[in-house]
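Here is the file my_file_35.txt (compact mmCIF, C-alpha atoms).
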```
# COMPACT_ATOMS: atom_id res chain seq x y z
CA MET D 4 0.00 0.00 0.00
CA SER D 5 1.35 3.42 -0.98
CA ASP D 6 0.38 6.54 0.99
CA TRP D 7 2.85 9.13 -0.28
CA THR D 8 1.63 12.71 -0.08
CA THR D 9 4.48 14.14 -2.19
CA PHE D 10 6.26 12.70 -5.23
CA THR D 11 9.75 14.18 -5.43
CA ASP D 12 13.11 12.94 -6.70
CA PRO D 13 14.95 12.63 -3.38
CA GLU D 14 18.60 13.61 -3.04
CA LEU D 15 19.14 10.96 -0.37
CA ILE D 16 19.37 7.69 -2.27
CA ARG D 17 19.65 4.83 0.22
CA ILE D 18 20.97 3.56 3.53
CA VAL D 19 24.63 2.51 3.23
CA ALA D 20 25.49 1.65 6.83
CA THR D 21 24.39 1.88 10.43
CA THR D 22 26.90 2.16 13.26
CA ALA D 23 26.38 1.00 16.84
CA SER D 24 28.65 1.48 19.85
CA VAL D 25 29.10 -1.71 21.87
CA PRO D 26 31.08 -2.25 25.12
CA ASP D 27 32.23 -5.77 24.15
CA LEU D 28 32.99 -6.20 20.46
CA ASP D 29 33.65 -9.93 20.70
CA ALA D 30 30.25 -10.55 22.32
CA ALA D 31 28.53 -8.34 19.74
CA GLU D 32 30.24 -10.16 16.86
CA ALA D 33 29.11 -13.51 18.24
CA ALA D 34 25.53 -12.23 18.55
CA TYR D 35 25.29 -10.78 15.03
CA THR D 36 27.01 -13.66 13.28
CA GLY D 37 25.52 -16.45 15.40
CA PHE D 38 21.88 -15.33 15.61
CA LEU D 39 21.38 -12.97 12.64
CA ASP D 40 23.68 -14.79 10.17
CA TYR D 41 25.62 -11.59 9.45
CA ARG D 42 29.10 -11.94 7.95
CA VAL D 43 32.22 -9.96 8.81
CA VAL D 44 33.68 -8.20 5.77
CA GLU D 45 36.24 -5.95 7.47
CA ARG D 46 37.85 -5.65 10.89
CA GLY D 47 40.49 -3.50 12.53
CA GLY D 48 40.81 -0.25 14.44
CA VAL D 49 39.17 3.09 13.71
CA ALA D 50 41.79 5.19 11.92
CA PRO D 51 42.48 8.56 13.57
CA SER D 52 41.59 10.28 10.31
CA LEU D 53 38.21 8.52 10.26
CA ALA D 54 37.50 9.42 13.90
CA ASP D 55 38.34 13.04 13.08
CA HIS D 56 36.10 12.82 10.01
CA TRP D 57 33.23 11.82 12.32
CA GLY D 58 34.06 14.60 14.79
CA VAL D 59 34.79 12.09 17.57
CA PRO D 60 38.60 11.97 17.89
CA GLY D 61 38.36 9.92 21.10
CA THR D 62 37.14 6.98 19.01
CA ALA D 63 40.51 6.71 17.24
CA GLY D 64 41.99 3.25 17.64
CA ALA D 65 38.76 1.65 18.84
CA ARG D 66 38.20 -1.91 17.67
CA CYS D 67 35.75 -2.05 14.78
CA LEU D 68 33.86 -4.61 12.72
CA THR D 69 31.96 -4.15 9.48
CA LEU D 70 29.34 -6.79 8.67
CA ARG D 71 26.60 -7.37 6.13
CA ALA D 72 23.63 -9.65 5.79
CA ALA D 73 23.81 -12.80 3.70
CA GLY D 74 22.78 -11.92 0.15
CA GLU D 75 23.53 -8.20 0.56
CA ALA D 76 26.46 -6.61 -1.25
CA ASP D 77 26.51 -2.94 -0.32
CA THR D 78 24.53 -2.31 2.89
CA PHE D 79 26.51 -2.67 6.10
CA VAL D 80 26.36 -2.81 9.88
CA ARG D 81 29.35 -1.33 11.68
CA LEU D 82 30.08 -2.18 15.33
CA ILE D 83 32.60 -0.09 17.25
CA GLU D 84 33.84 -0.88 20.75
CA ALA D 85 33.35 1.92 23.29
CA PRO D 86 33.06 2.08 27.08
CA ALA D 87 29.49 1.77 28.33
CA ILE D 88 27.67 4.87 29.58
CA PRO D 89 26.38 4.17 33.11
CA GLY D 90 22.62 4.60 33.28
CA TYR D 91 22.07 4.89 29.53
CA ARG D 92 18.67 3.52 28.51
CA PRO D 93 17.59 2.96 24.91
CA LEU D 94 14.59 4.90 23.53
CA THR D 95 14.92 7.74 26.04
CA THR D 96 17.24 10.20 24.27
CA PHE D 97 17.38 12.34 21.14
CA GLY D 98 19.22 11.12 18.05
CA TRP D 99 19.25 7.74 16.33
CA ASN D 100 17.07 5.41 18.37
CA ALA D 101 16.47 2.35 16.20
CA PHE D 102 17.60 0.60 13.03
CA GLU D 103 14.88 -1.42 11.26
CA ILE D 104 15.86 -4.58 9.39
CA ILE D 105 13.84 -6.56 6.86
CA VAL D 106 13.40 -10.27 7.61
CA ASP D 107 11.75 -13.21 5.87
CA ASP D 108 9.87 -14.64 8.89
CA VAL D 109 9.72 -12.50 12.01
CA HIS D 110 8.00 -15.24 14.02
CA ALA D 111 10.80 -17.72 13.31
CA LEU D 112 13.35 -15.04 14.19
CA ALA D 113 11.57 -14.40 17.51
CA ASP D 114 11.90 -18.09 18.32
CA ARG D 115 15.62 -17.97 17.48
CA LEU D 116 16.22 -14.88 19.62
CA ALA D 117 14.26 -16.14 22.64
CA ASP D 118 17.49 -17.38 24.25
CA SER D 119 20.08 -14.99 22.85
CA PRO D 120 21.96 -11.76 23.68
CA PHE D 121 19.13 -9.86 21.95
CA GLU D 122 16.42 -8.88 24.46
CA ILE D 123 12.96 -8.92 22.92
CA ILE D 124 11.12 -5.81 24.14
CA GLY D 125 8.24 -6.05 21.66
CA PRO D 126 7.10 -9.44 20.32
CA PRO D 127 5.92 -9.79 16.69
CA LYS D 128 2.78 -7.73 16.12
CA PRO D 129 0.97 -6.40 13.00
CA LEU D 130 1.12 -2.65 12.43
CA ALA D 131 -2.20 -1.00 13.20
CA PHE D 132 -2.28 1.01 9.94
CA MET D 133 -0.72 -1.71 7.73
CA PRO D 134 -1.64 -5.07 9.29
CA SER D 135 0.16 -7.14 6.65
CA ILE D 136 3.42 -5.75 8.05
CA VAL D 137 4.52 -7.55 11.22
CA ALA D 138 7.32 -6.16 13.40
CA MET D 139 9.19 -6.98 16.59
CA GLN D 140 11.68 -4.94 18.59
CA VAL D 141 14.84 -5.96 20.46
CA ILE D 142 17.74 -4.44 22.36
CA GLY D 143 21.12 -5.65 21.16
CA PRO D 144 24.27 -6.40 23.15
CA GLY D 145 25.43 -2.78 23.07
CA GLY D 146 22.12 -1.19 24.00
CA GLU D 147 21.25 -0.63 20.33
CA CYS D 148 17.57 -0.90 19.48
CA LEU D 149 16.70 -2.98 16.42
CA TYR D 150 13.33 -3.49 14.78
CA PHE D 151 12.83 -6.65 12.70
CA THR D 152 10.02 -6.46 10.16
CA MET D 153 8.37 -8.73 7.60
CA GLU D 154 5.76 -8.32 4.90
CA SER D 155 3.20 -11.11 5.33
CA GLY D 156 1.17 -10.04 2.30
CA ASP D 157 2.06 -9.30 -1.32
CA ARG D 158 5.77 -8.54 -1.34
CA GLU D 159 5.73 -7.35 -4.95
CA THR D 160 3.47 -4.37 -4.17
CA SER D 161 4.66 -3.76 -0.59
CA ILE D 162 6.51 -0.57 0.37
CA LEU D 163 8.99 -2.87 2.13
CA PRO D 164 12.01 -4.22 0.25
CA PRO D 165 12.12 -7.98 -0.33
CA PRO D 166 14.44 -9.83 2.07
CA THR D 167 17.53 -11.43 0.54
CA GLY D 168 17.79 -14.03 3.29
CA PHE D 169 16.45 -15.01 6.69
CA VAL D 170 17.65 -11.63 8.03
CA GLY D 171 18.25 -8.90 5.46
CA ARG D 172 19.40 -5.31 5.38
CA THR D 173 18.48 -2.18 7.28
CA PHE D 174 15.70 -0.37 5.44
CA ILE D 175 14.55 2.24 7.98
CA VAL D 176 16.58 4.37 10.36
CA VAL D 177 14.70 6.03 13.22
CA CYS D 178 15.61 9.43 14.63
CA ALA D 179 13.92 11.07 17.63
CA GLY D 180 14.01 14.69 18.66
CA PRO D 181 12.29 17.30 20.79
CA ASN D 182 10.76 19.17 17.84
CA PHE D 183 9.14 16.89 15.27
CA THR D 184 8.25 19.64 12.80
CA SER D 185 11.77 21.09 12.66
CA MET D 186 13.22 17.60 12.07
CA LEU D 187 10.72 16.89 9.32
CA ARG D 188 11.33 20.15 7.51
CA TRP D 189 15.14 19.86 7.82
CA TYR D 190 15.22 16.49 6.09
CA VAL D 191 12.41 17.08 3.59
CA ASP D 192 13.41 20.56 2.52
CA ARG D 193 17.16 19.95 2.37
CA PHE D 194 17.01 16.57 0.62
CA ALA D 195 13.61 16.63 -1.16
CA LEU D 196 12.45 13.47 0.59
CA ARG D 197 9.01 12.06 -0.19
CA GLU D 198 6.48 12.79 2.54
CA ARG D 199 3.81 10.59 4.06
CA PRO D 200 1.04 11.34 6.56
CA VAL D 201 2.11 12.41 10.04
CA ARG D 202 0.53 10.05 12.56
CA GLN D 203 -0.25 10.40 16.24
CA SER D 204 0.98 6.97 17.28
CA LYS D 205 0.91 5.07 20.56
CA VAL D 206 4.21 3.19 20.65
CA ASP D 207 4.31 0.71 23.49
CA ILE D 208 8.09 0.30 23.71
CA ILE D 209 8.57 4.08 23.90
CA GLN D 210 5.79 4.51 26.46
CA ARG D 211 7.39 1.88 28.68
CA ALA D 212 10.94 3.16 28.24
CA GLN D 213 9.94 6.70 29.17
CA GLY D 214 7.30 5.90 31.78
CA LEU D 215 4.51 7.44 29.71
CA SER D 216 0.84 6.58 29.97
CA ARG D 217 -0.63 4.03 27.57
CA ASP D 218 -2.69 6.84 26.02
CA HIS D 219 0.36 8.98 25.27
CA ALA D 220 0.93 9.39 21.52
CA ILE D 221 3.93 10.71 19.64
CA GLU D 222 4.15 12.42 16.26
CA LEU D 223 5.65 10.01 13.76
CA SER D 224 6.23 9.82 10.04
CA ALA D 225 8.39 7.73 7.68
CA ILE D 226 9.75 9.75 4.76
CA GLY D 227 11.17 8.28 1.57
CA MET D 228 14.58 8.20 -0.04
CA ARG D 229 15.07 7.58 -3.75
CA GLN D 230 15.46 3.80 -3.76
CA ARG D 231 12.50 1.62 -2.83
CA GLY D 232 12.49 0.40 0.72
CA ASN D 233 14.81 3.09 2.12
CA LEU D 234 13.04 5.25 4.67
CA LEU D 235 13.80 7.68 7.47
CA GLU D 236 11.39 7.57 10.40
CA LEU D 237 11.11 10.67 12.57
CA ASP D 238 9.68 10.45 16.10
CA GLY D 239 8.77 13.43 18.27
CA TYR D 240 9.69 12.78 21.92
CA SER D 241 7.95 14.68 24.71
CA HIS D 242 10.43 16.53 26.87
CA GLY D 243 10.61 19.03 29.70
CA PRO D 244 9.35 18.85 33.30
CA GLY D 245 8.11 15.39 34.22
CA ARG D 246 9.59 13.79 31.07
CA VAL D 247 12.72 11.67 30.80
CA ALA D 248 13.64 12.29 27.13
CA THR D 249 16.86 14.28 26.89
CA ASP D 250 20.07 14.68 24.89
CA ARG D 251 22.16 11.54 24.36
CA PRO D 252 25.04 11.24 26.86
CA ALA D 253 28.47 10.30 25.53
CA HIS D 254 32.05 10.06 26.70
CA PRO D 255 33.94 13.22 25.64
CA GLY D 256 35.07 13.02 22.04
CA MET D 257 33.54 9.59 21.46
CA LEU D 258 30.59 8.11 19.62
CA PRO D 259 27.34 8.03 21.58
CA PRO D 260 26.16 4.69 23.00
CA GLY D 261 23.82 2.30 21.22
CA ASN D 262 22.52 3.53 17.86
CA ALA D 263 25.42 5.87 17.20
CA MET D 264 25.47 6.95 13.56
CA VAL D 265 23.81 6.47 10.17
CA SER D 266 25.51 6.59 6.76
CA LEU D 267 23.36 7.52 3.76
CA GLU D 268 24.17 7.82 0.06
CA VAL D 269 23.53 11.32 -1.28
CA SER D 270 23.50 12.67 -4.81
CA ASP D 271 25.75 15.66 -4.07
CA LEU D 272 27.68 16.65 -0.93
CA ALA D 273 27.14 20.29 -1.88
CA LEU D 274 23.67 19.93 -0.31
CA VAL D 275 25.30 20.15 3.15
CA ALA D 276 28.21 22.45 2.31
CA ASP D 277 26.77 25.10 4.64
CA LEU D 278 26.92 22.82 7.69
CA ALA D 279 29.77 22.49 10.16
CA GLY D 280 31.85 19.38 9.61
CA ALA D 281 30.89 19.07 5.95
CA MET D 282 34.45 18.79 4.62
CA PRO D 283 34.47 15.99 2.03
CA VAL D 284 37.15 13.32 2.25
CA LEU D 285 37.84 10.27 0.09
CA ARG D 286 38.01 6.96 1.96
CA GLU D 287 38.72 3.37 0.93
CA GLU D 288 37.06 1.25 3.65
CA ALA D 289 34.30 -1.19 2.63
CA VAL D 290 31.53 1.25 3.52
CA TYR D 291 32.94 3.97 1.22
CA ARG D 292 34.52 2.13 -1.73
CA GLU D 293 36.71 5.09 -2.67
CA ARG D 294 33.93 7.65 -2.54
CA ARG D 295 33.81 11.05 -0.89
CA SER D 296 31.95 11.50 2.36
CA CYS D 297 31.34 14.02 5.12
CA THR D 298 29.75 13.92 8.56
CA VAL D 299 27.33 16.50 9.95
CA ARG D 300 25.04 16.89 12.95
CA GLY D 301 21.34 16.70 12.21
CA PRO D 302 18.59 18.72 13.89
CA ALA D 303 18.32 16.38 16.92
CA GLY D 304 22.08 16.17 17.41
CA GLU D 305 22.34 12.93 15.43
CA LEU D 306 25.57 12.01 13.63
CA LEU D 307 24.76 11.76 9.92
CA GLU D 308 27.44 10.53 7.55
CA LEU D 309 26.77 11.27 3.87
CA ILE D 310 28.52 9.30 1.13
CA GLU D 311 28.44 10.75 -2.36
CA SER D 312 27.10 8.57 -5.18
CA ARG D 313 29.21 8.23 -8.27
```
Here is a file; write its structure as C-alpha cells.
Amino acid sequence: MSDWTTFTDPELIRIVATTASVPDLDAAEAAYTGFLDYRVVERGGVAPSLADHWGVPGTAGARCLTLRAAGEADTFVRLIEAPAIPGYRPLTTFGWNAFEIIVDDVHALADRLADSPFEIIGPPKPLAFMPSIVAMQVIGPGGECLYFTMESGDRETSILPPPTGFVGRTFIVVCAGPNFTSMLRWYVDRFALRERPVRQSKVDIIQRAQGLSRDHAIELSAIGMRQRGNLLELDGYSHGPGRVATDRPAHPGMLPPGNAMVSLEVSDLALVADLAGAMPVLREEAVYRERRSCTVRGPAGELLELIESR
C-alpha cells in the first residue's frame, strides 16, 4: 500500500550503513554472526583520520567490525567498541534510536532470539495502519535498538524491500528529537524526501521506556529516499518537566552509546556544504569504496554521515 503525499526525486538515495557502539565487540560479533547470520567483511581499528572525520577523535583506535547480511552486497552494519555509559537507557534520548531490518519470517526469528543476547522488548505484532506488516523490537548487546520487520502479504506491491535471506538489510533508520516539525522540515526541505502522513501513534516500547501513559501518543512519520524500501522515520519525543527524554550522553570526544550513527548515500555533498563538519574526504574502507563523504550533525544532534554517489 502506498500513501505518499508528495512525489519528489529525493537527493538521499539509500541507507549505506548503520553504526552501533558496543562495550564488548567480541560478544557483539558472536551475537550478530551467530543469531542474525551476518558476515564480517572488514575488521580493525578506527583510523584517527576517520575518527576526526566523524568529529569524535576519542574513538581513534577503537576496535571495529563491518558486517553485512547474507545476500547483501553494499549495505553494512558497523560495530565499534566503546566504554558503556552508566545509566544509559535505549529509547529515552534524542538522536538515532532504532535501526529497522527486513526479515523473511519474524516469528521464526523471535523463536531464534528467545534465548540470545538480543532482548525482545516487543514481540511480533501487526502494524495497526498496515496489518500485513509484522514487526518486533529488540535491544542488542550494546544497547542498540533494532526493529525486525516482515511483509506477510504481497511482497511485490509492498513498500517494504524484499528480504535477501532469513535476516536482510536495514531499510529504515529512526531518529527522535524534541521538535518533530523542525526535524521533518530539515530532512524534507534539504534533501527533497518524499512525505507521508504524520501520525499520532501510541508506541508501546517508547511509552514503557519513558514511563509514559498508555494513552500517550507521539508524532511520527516515515519519509522516503530515492530507492524503494529506504526510509527515514522521525519520532517526536515529549520533553521538559516530568519527562525523561533528553540529549544523548556520551564520553567526551567519542561516539554516543547504542545507535550511534547512520551513513546515507547522497546525490551531491554540496547539499550540506553550509553545515559544520561538511568537509568531504575520500576513503577506501568497505563502507565507502573510494567515494567522498562528510559527517554533519542533524537537527536532533544525530551524527549523519553522507557518502556521495558516483
Sorted by chain and rising residue number, list the residues of stretch 126-158 of chain D at most 12 Å from stretch 164-173 of chain D (counting only C-alpha atoms), each with its closest atom pair and distance in Å to one decimal, as JSON lines.
```
{"residue": "D:Ile136", "atom": "CA", "partner": "D:Pro164", "partner_atom": "CA", "distance": 11.7}
{"residue": "D:Leu149", "atom": "CA", "partner": "D:Thr173", "partner_atom": "CA", "distance": 9.3}
{"residue": "D:Tyr150", "atom": "CA", "partner": "D:Thr173", "partner_atom": "CA", "distance": 9.2}
{"residue": "D:Phe151", "atom": "CA", "partner": "D:Val170", "partner_atom": "CA", "distance": 8.4}
{"residue": "D:Thr152", "atom": "CA", "partner": "D:Val170", "partner_atom": "CA", "distance": 9.5}
{"residue": "D:Met153", "atom": "CA", "partner": "D:Pro166", "partner_atom": "CA", "distance": 8.3}
{"residue": "D:Glu154", "atom": "CA", "partner": "D:Pro165", "partner_atom": "CA", "distance": 8.2}
{"residue": "D:Ser155", "atom": "CA", "partner": "D:Pro165", "partner_atom": "CA", "distance": 11.0}
{"residue": "D:Gly156", "atom": "CA", "partner": "D:Pro165", "partner_atom": "CA", "distance": 11.4}
{"residue": "D:Asp157", "atom": "CA", "partner": "D:Pro165", "partner_atom": "CA", "distance": 10.2}
{"residue": "D:Arg158", "atom": "CA", "partner": "D:Pro165", "partner_atom": "CA", "distance": 6.5}
```
Go ahead and compute the interatomic distance for atom CA of D:Phe79 and atom CA of D:Met186, in Å to one decimal.
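Result for atom CA of D:Phe79 versus atom CA of D:Met186: 25.0 Å, one decimal.
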Between atom CA of D:Pro13 and atom CA of D:Leu274, what is the spacing in Å?
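According to the coordinates, atom CA of D:Leu274 and atom CA of D:Pro13 are separated by 11.8 Å.
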Taking (29.3, 3.3, 20.4) in the coordinates of the supplied file, I want to know which residues reach to within 6 Å of it, counting only C-alpha atoms; could you give the answer as a PyMOL selection string?
chain D and resi 23-25+83+85+258-261+263
Long-range neighbours of D:Phe194 as a list in words, 8 Å cut-off, only C-alpha atoms, 2 positions minimum in chain:
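Result of the neighbour search: Pro13, Glu14, Leu15, Tyr190, Val191, Asp192, Leu196 and Leu274 of chain D.
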Closest-contact table, stretch 262-294 of chain D side, partner stretch 227-249 of chain D, 10 Å, counting only C-alpha atoms, as a tab-separated table:
```
residue	atom	partner	partner_atom	distance
D:Leu267	CA	D:Met228	CA	9.6
D:Glu268	CA	D:Met228	CA	9.6
D:Val269	CA	D:Met228	CA	9.6
D:Ser270	CA	D:Arg229	CA	9.9
```
Of the candidates D:Cys67, D:Ala30, D:Pro255, D:Gly58, which shows the shortest atom-to-atom distance to D:Glu288, using only C-alpha atoms?
D:Cys67
Straight-line distance linking atom CA of D:Pro120 with atom CA of D:Gly146, stated in Å to one decimal
10.6 Å
Around all the atoms of stretch 60-69 of chain D listed in the file, with 6 Å of room on each side, what axis-aligned box do you get, giving centre and edge lengths in Å to one decimal, as AutoDock Vina command-line options?
```
--center_x 37.0 --center_y 3.7 --center_z 15.3 --size_x 22.0 --size_y 28.6 --size_z 23.6
```
Residue nearest D:Met257 among D:Ile123, D:Ala138, D:Leu187, D:Leu306 (counting only C-alpha atoms)
D:Leu306
Place N, CA and C atoms on stretch 57-71 of chain D and deliver the coordinates as a PDB file, keeping the file's coordinate frame.
```pdb
ATOM      1  N   TRP D  57      34.506  11.916  11.617  1.00  0.00           N
ATOM      2  CA  TRP D  57      33.230  11.820  12.320  1.00  0.00           C
ATOM      3  C   TRP D  57      33.062  12.902  13.388  1.00  0.00           C
ATOM      4  N   GLY D  58      34.123  13.601  13.729  1.00  0.00           N
ATOM      5  CA  GLY D  58      34.060  14.600  14.790  1.00  0.00           C
ATOM      6  C   GLY D  58      34.137  14.004  16.179  1.00  0.00           C
ATOM      7  N   VAL D  59      34.670  12.777  16.273  1.00  0.00           N
ATOM      8  CA  VAL D  59      34.790  12.090  17.570  1.00  0.00           C
ATOM      9  C   VAL D  59      36.212  11.539  17.695  1.00  0.00           C
ATOM     10  N   PRO D  60      37.205  12.409  17.896  1.00  0.00           N
ATOM     11  CA  PRO D  60      38.600  11.970  17.890  1.00  0.00           C
ATOM     12  C   PRO D  60      38.918  10.932  18.965  1.00  0.00           C
ATOM     13  N   GLY D  61      38.123  10.894  20.037  1.00  0.00           N
ATOM     14  CA  GLY D  61      38.360   9.920  21.100  1.00  0.00           C
ATOM     15  C   GLY D  61      38.074   8.491  20.672  1.00  0.00           C
ATOM     16  N   THR D  62      37.439   8.313  19.519  1.00  0.00           N
ATOM     17  CA  THR D  62      37.140   6.980  19.010  1.00  0.00           C
ATOM     18  C   THR D  62      38.321   6.391  18.234  1.00  0.00           C
ATOM     19  N   ALA D  63      39.344   7.185  17.976  1.00  0.00           N
ATOM     20  CA  ALA D  63      40.510   6.710  17.240  1.00  0.00           C
ATOM     21  C   ALA D  63      41.108   5.476  17.922  1.00  0.00           C
ATOM     22  N   GLY D  64      41.392   4.468  17.123  1.00  0.00           N
ATOM     23  CA  GLY D  64      41.990   3.250  17.640  1.00  0.00           C
ATOM     24  C   GLY D  64      41.016   2.225  18.168  1.00  0.00           C
ATOM     25  N   ALA D  65      39.746   2.593  18.311  1.00  0.00           N
ATOM     26  CA  ALA D  65      38.760   1.650  18.840  1.00  0.00           C
ATOM     27  C   ALA D  65      38.616   0.458  17.903  1.00  0.00           C
ATOM     28  N   ARG D  66      38.407  -0.712  18.475  1.00  0.00           N
ATOM     29  CA  ARG D  66      38.200  -1.910  17.670  1.00  0.00           C
ATOM     30  C   ARG D  66      36.879  -1.790  16.905  1.00  0.00           C
ATOM     31  N   CYS D  67      36.903  -2.258  15.674  1.00  0.00           N
ATOM     32  CA  CYS D  67      35.750  -2.050  14.780  1.00  0.00           C
ATOM     33  C   CYS D  67      35.528  -3.260  13.894  1.00  0.00           C
ATOM     34  N   LEU D  68      34.270  -3.565  13.650  1.00  0.00           N
ATOM     35  CA  LEU D  68      33.860  -4.610  12.720  1.00  0.00           C
ATOM     36  C   LEU D  68      32.872  -4.037  11.720  1.00  0.00           C
ATOM     37  N   THR D  69      32.977  -4.454  10.476  1.00  0.00           N
ATOM     38  CA  THR D  69      31.960  -4.150   9.480  1.00  0.00           C
ATOM     39  C   THR D  69      31.375  -5.467   9.005  1.00  0.00           C
ATOM     40  N   LEU D  70      30.037  -5.563   9.037  1.00  0.00           N
ATOM     41  CA  LEU D  70      29.340  -6.790   8.670  1.00  0.00           C
ATOM     42  C   LEU D  70      28.263  -6.471   7.629  1.00  0.00           C
ATOM     43  N   ARG D  71      27.767  -7.532   6.993  1.00  0.00           N
ATOM     44  CA  ARG D  71      26.600  -7.370   6.130  1.00  0.00           C
ATOM     45  C   ARG D  71      25.783  -8.656   6.160  1.00  0.00           C
TER      46      ARG D  71
END
```
